[in-house]
Number of protein chains: 2
Amino acid sequence: MTFVRQPTRAGVRDAAAKIAAILPPSPLFVAEIRGIPVAFKAEALQPVGAFKLRGAWHRLTAIDEESRGKGVVAFSSGNHAQGVAWAAKRLGMPAVIVMPADAPKSKREGTLALGAEVVSYDRATQSRESIAAQLAEARGAVLVPSFDDPWIIEGQGSAGIEASVQMVERGLGEPVQAIVPCGGGGLAAGTALGLRDAFVTVVEPEGWDDMRRSLEAGWIEPVGPNPPPTACDALQTTLVSSLTFDVLSRRGVQGVAVSEAEIRAAQRWAAERLRLVVEPGGAVALAALLAGKVEVTHGTLVILSGGNVDLAAYGAVLAGND
Amino acid sequence: MTFVRQPTRAGVRDAAAKIAAILPPSPLFVAEIRGIPVAFKAEALQPVGAFKLRGAWHRLTAIDEESRGKGVVAFSSGNHAQGVAWAAKRLGMPAVIVMPADAPKSKREGTLALGAEVVSYDRATQSRESIAAQLAEARGAVLVPSFDDPWIIEGQGSAGIEASVQMVERGLGEPVQAIVPCGGGGLAAGTALGLRDAFVTVVEPEGWDDMRRSLEAGWIEPVGPNPPPTACDALQTTLVSSLTFDVLSRRGVQGVAVSEAEIRAAQRWAAERLRLVVEPGGAVALAALLAGKVEVTHGTLVILSGGNVDLAAYGAVLAGND
């Protein structure tokens with residue numbers, strides 16, 4: 001039996017300090033919903049367009065000096081890929097990213113532009129886990145999972161701590177509740193660890209709400225056999241991990257599912273009211289609030305987790321009105 | 001002969017201090033163009049979606065206490081309207097805004113949401129100047145022009161000073177050149193005053209490039225009789241003012257014109273690379289740089305001046321590829 005390190009609140013605080021040393025805080029915006037000011041953490045404005053560089057930086061800086069030369073391997077539909085590539089470039093480490101062949105063009109190009117090597121696979125027939133594991137084995141590189149890793153969870157959680165400081169500075173007080181997009185649950189678990197006193201809600205697209213069902217059941221349940229199509233390429237995780245589930249379960253976190261139409265409405269709201277480009281998966285927490293699935297209260301923090309879009313699809317969403 | 005106060009560099013610095021006391025700096029983003037890091041001042045992320053609250057705040061706070069109760073009157077296609085309404089609301093002053101009937105819905109609604117009274121006029125047949133002057137006369141209110149006013153010019157210029165501080169903090173050094181959208185020239189003149197050592201370029205849509213022609217001629221020339229349609233509702237000024245022209249002329253500022261297609265390409269670039277919603281008029285400076293009409297150099301500052309869009313039109317721009 002392998003001992004797995006558990007992510008900790010101290011680890012999240014350590015990650016927050018490490019990230020503050022290299023990056024300015026992502027902007028925090030305040031806008032009213034139903035007359036109540038709500039704080040929006042604009043992780044879409046990170047250099048790679050998503051929060052993922054947080055976990056990657058915390059993980060890669062934990063690799064000892066003599067192993068760094070052999071590099072890292074990651075699998076990702078795009079945002080984690082760019083986060084790992086960004087951190088690897090900054091540390092002078094080689095990075096190989098295993099990406100689905102149908103990943104958004106902007107995410108693939110962003111990864112290549114950061115100097116990473118990209119290996120494609122077919123989402124329907126191949127296992128990215130086994131491809132990545134084989135690559136890592138062959139090269140002696142460190143495999144960097146997108147959420148099933150204590151450093152990754154702690155690193156992502158730095159977003160919540162950073163937002164909390166900004167909310168206090170802006171006179172809003174510490175977050176009373178945090179609403180967080182959830183794929184594998186890394187950002188959600190990290191945020192729940194970092195914000196000890198906030199009520200946390202995780203949000204998933206309908207049909208991909210396995211974390212919601214798992215939290216209700218009390219054990220991990222996978223996504224069903226034929227999940228519906230979703231625009232949220234960043235949230236298509238079919239099975240969460242014990243690491244993320246256990247944190248969320250212990251913290252009494254609730255799960256909520258939103259429809260594709262609610263997600264599109266949230267993307268439109270963010271463009272019009274915040275002038276922010278938010279990708280579908282990055283808009284689910286806002287969608288839950290706008291749709292009335294989570295109550296708007298004072299001290300609400302919404303994480304807008306990513307903004308890497310394919311322009312044609314995004315433009316069609318903005319121009320539409322469904 | 002009326003003595004008109006000239007805008008000054010000291011006034012711009014005073015405005016910058018006044019604005020820093022009430023608002024956090026708008027974010028500054030850094031992204032590479034042709035391999036050179038360029039600084040982008042994201043005025044689209046101001047609370048009203050544009051830089052216009054800067055001039056409005058500097059102007060309205062200069063109105064003496066006993067006159068404040070009678071309020072202010074402004075005419076504007078939208079962004080200046082929201083800036084004045086925002087400042088008036090914050091100071092508890094009544095505000096009347098004269099807006100063209102065809103102003104973008106988002107700008108009209110934004111102005112109303114800030115508590116201002118909106119009076120509509122027909123852009124083709126009525127003079128907004130005379131409507132506004134009559135309203136101001138009847139109410140004893142102060143008329144707040146959108147650019148032909150020393151306080152407004154000084155206030156807008158605070159954006160440049162703020163950006164310069166941020167560029168130094170980010171290790172980019174003070175701006176070597178600043179590229180600025182130009183309608184009546186308030187932002188441009190204020191920036192030129194505030195950034196004494198930067199080479200300044202003002203950018204207008206083709207056919208509306210009267211400031212460019214005026215700077216080349218050495219005297220003020222109006223827009224021609226049948227200007228082409230432009231998506232830049234914020235830059236449809238047919239005659240600049242002596243106040244703005246004189247500042248720009250004395251500073252040796254150059255003018256550049258960009259096409260509608262170049263503006264759309266810039267809006268797409270800003271959405272994809274910066275995850276920022278930028279309106280057509282707010283994207284002209286970026287358009288000039290991307291189109292190669294202004295050389296990319298180290299120390300380049302681009303002002304993205306506004307982000308108030310009608311979603312349907314904006315979505316069509318993003319989805320298009322012309």
# chains A, B, ... in the order shown; residues from 1 in each chain; ligands from 1
call {"tool": "interface_residues", "arguments": {"of": "chain A", "to": "chain B", "cutoff": "8 Å", "atoms": "only C-alpha atoms", "output": "MDAnalysis selection string"}}
result
chainID A and resid 27 44:45 49 106 268 271:272 274:278 307:320
call {"tool": "residues_around", "arguments": {"residues": "Asp64 in chain B", "least_positions_apart": "4", "cutoff": "12 Å", "atoms": "only C-alpha atoms", "output": "count of residues only"}}
result
10
call {"tool": "select_by_dssp", "arguments": {"residues": "range 73-154 of chain B", "states": "alpha helix (DSSP H)", "output": "PyMOL selection string"}}
result
chain B and resi 79-91+105-113+128-139+150-154
call {"tool": "residues_around", "arguments": {"residues": "Phe199 in chain A", "least_positions_apart": "5", "cutoff": "12 Å", "atoms": "only C-alpha atoms", "output": "ChimeraX atom specification"}}
result
/A:174-180,188,191-194,248,251-255,294-295,297,299-302
call {"tool": "atom_distance", "arguments": {"atom1": "CA of Gln6 in chain A", "atom2": "CA of Pro150 in chain A"}}
result
5.8 Å
call {"tool": "select_by_dssp", "arguments": {"residues": "range 30-136 of chain A", "states": "strand (DSSP E or B)", "output": "ChimeraX atom specification"}}
result
/A:30-33,36-42,50,72-75,95-100,117-121
call {"tool": "residues_around", "arguments": {"residues": "Gln126 in chain B", "least_positions_apart": "6", "cutoff": "12 Å", "atoms": "only C-alpha atoms", "output": "number ranges by chain"}}
result
B: 98-101, 120, 132
call {"tool": "residues_around", "arguments": {"residues": "Ile19 in chain B", "least_positions_apart": "3", "cutoff": "12 Å", "atoms": "only C-alpha atoms", "output": "ChimeraX atom specification"}}
result
/B:12-16,22-26,46,51-59,61,87,154-159,161-162
call {"tool": "decode", "arguments": {"residues": "range 56-160 of chain A", "atoms": "C-alpha atoms", "output": "compact mmCIF listing (two decimals), in the first residue's frame"}}
result
# COMPACT_ATOMS: atom_id res chain seq x y z
CA ALA A 56 1.42 23.39 -11.91
CA TRP A 57 3.77 25.92 -10.30
CA HIS A 58 3.28 24.43 -6.82
CA ARG A 59 3.86 20.90 -8.18
CA LEU A 60 6.82 21.56 -10.45
CA THR A 61 8.69 23.63 -7.87
CA ALA A 62 8.37 20.63 -5.52
CA ILE A 63 10.38 18.43 -7.93
CA ASP A 64 13.97 18.12 -6.71
CA GLU A 65 16.75 19.74 -8.71
CA GLU A 66 18.31 16.54 -10.09
CA SER A 67 14.96 15.29 -11.47
CA ARG A 68 14.01 18.52 -13.19
CA GLY A 69 16.12 17.86 -16.27
CA LYS A 70 14.03 14.83 -17.17
CA GLY A 71 10.96 16.99 -17.35
CA VAL A 72 7.25 16.44 -16.85
CA VAL A 73 4.38 14.71 -18.64
CA ALA A 74 0.74 15.75 -18.34
CA PHE A 75 -2.55 14.88 -20.00
CA SER A 76 -5.19 17.56 -20.45
CA SER A 77 -7.86 18.88 -22.75
CA GLY A 78 -6.03 22.17 -22.67
CA ASN A 79 -5.96 24.41 -19.63
CA HIS A 80 -3.91 22.10 -17.41
CA ALA A 81 -1.66 21.57 -20.43
CA GLN A 82 -0.98 25.28 -20.67
CA GLY A 83 -0.50 25.60 -16.93
CA VAL A 84 2.12 22.83 -16.87
CA ALA A 85 3.80 24.14 -20.02
CA TRP A 86 3.95 27.64 -18.52
CA ALA A 87 5.48 26.45 -15.26
CA ALA A 88 7.92 24.12 -17.06
CA LYS A 89 9.08 26.91 -19.37
CA ARG A 90 9.66 29.22 -16.43
CA LEU A 91 11.72 26.52 -14.68
CA GLY A 92 13.58 25.51 -17.84
CA MET A 93 12.11 21.99 -17.76
CA PRO A 94 11.01 19.95 -20.80
CA ALA A 95 7.26 19.22 -20.91
CA VAL A 96 5.24 16.71 -22.90
CA ILE A 97 1.47 17.16 -23.01
CA VAL A 98 -0.97 14.45 -24.07
CA MET A 99 -4.02 16.21 -25.55
CA PRO A 100 -7.22 14.92 -27.15
CA ALA A 101 -7.23 15.42 -30.92
CA ASP A 102 -10.44 17.47 -30.59
CA ALA A 103 -9.11 19.94 -27.99
CA PRO A 104 -9.95 23.58 -28.78
CA LYS A 105 -7.44 24.99 -31.25
CA SER A 106 -6.64 27.94 -28.98
CA LYS A 107 -5.63 25.60 -26.15
CA ARG A 108 -3.45 23.44 -28.41
CA GLU A 109 -1.76 26.46 -29.94
CA GLY A 110 -1.29 28.06 -26.54
CA THR A 111 0.45 24.90 -25.31
CA LEU A 112 2.76 24.74 -28.33
CA ALA A 113 3.55 28.45 -28.01
CA LEU A 114 4.78 27.78 -24.47
CA GLY A 115 7.39 25.40 -25.85
CA ALA A 116 5.79 22.09 -24.83
CA GLU A 117 5.74 18.97 -26.98
CA VAL A 118 2.14 17.88 -27.77
CA VAL A 119 1.14 14.24 -28.27
CA SER A 120 -2.42 13.72 -29.60
CA TYR A 121 -4.83 10.91 -28.81
CA ASP A 122 -8.39 9.95 -29.74
CA ARG A 123 -10.73 10.71 -26.82
CA ALA A 124 -13.10 7.88 -27.86
CA THR A 125 -10.68 5.00 -28.28
CA GLN A 126 -7.44 5.71 -26.42
CA SER A 127 -6.55 6.12 -22.75
CA ARG A 128 -4.68 9.33 -22.07
CA GLU A 129 -3.68 7.99 -18.69
CA SER A 130 -1.82 5.03 -20.15
CA ILE A 131 -0.20 7.07 -22.93
CA ALA A 132 1.02 9.61 -20.40
CA ALA A 133 2.20 6.95 -17.96
CA GLN A 134 4.20 5.20 -20.69
CA LEU A 135 5.81 8.46 -21.80
CA ALA A 136 6.74 9.35 -18.24
CA GLU A 137 8.18 5.88 -17.63
CA ALA A 138 10.23 5.93 -20.81
CA ARG A 139 11.74 9.36 -20.09
CA GLY A 140 12.05 9.17 -16.35
CA ALA A 141 9.82 12.26 -16.27
CA VAL A 142 7.38 13.21 -13.51
CA LEU A 143 3.71 12.62 -14.35
CA VAL A 144 1.64 15.68 -13.35
CA PRO A 145 -2.04 14.78 -12.98
CA SER A 146 -4.61 17.50 -13.52
CA PHE A 147 -6.36 17.03 -10.16
CA ASP A 148 -5.46 13.74 -8.45
CA ASP A 149 -2.40 15.14 -6.70
CA PRO A 150 -1.99 16.93 -3.37
CA TRP A 151 0.29 19.66 -4.77
CA ILE A 152 -2.08 20.36 -7.65
CA ILE A 153 -5.03 20.67 -5.27
CA GLU A 154 -3.12 22.94 -2.90
CA GLY A 155 -1.86 25.07 -5.76
CA GLN A 156 -5.30 25.62 -7.27
CA GLY A 157 -6.61 26.54 -3.81
CA SER A 158 -4.37 29.59 -3.79
CA ALA A 159 -7.02 31.30 -5.97
CA GLY A 160 -9.44 31.29 -3.03
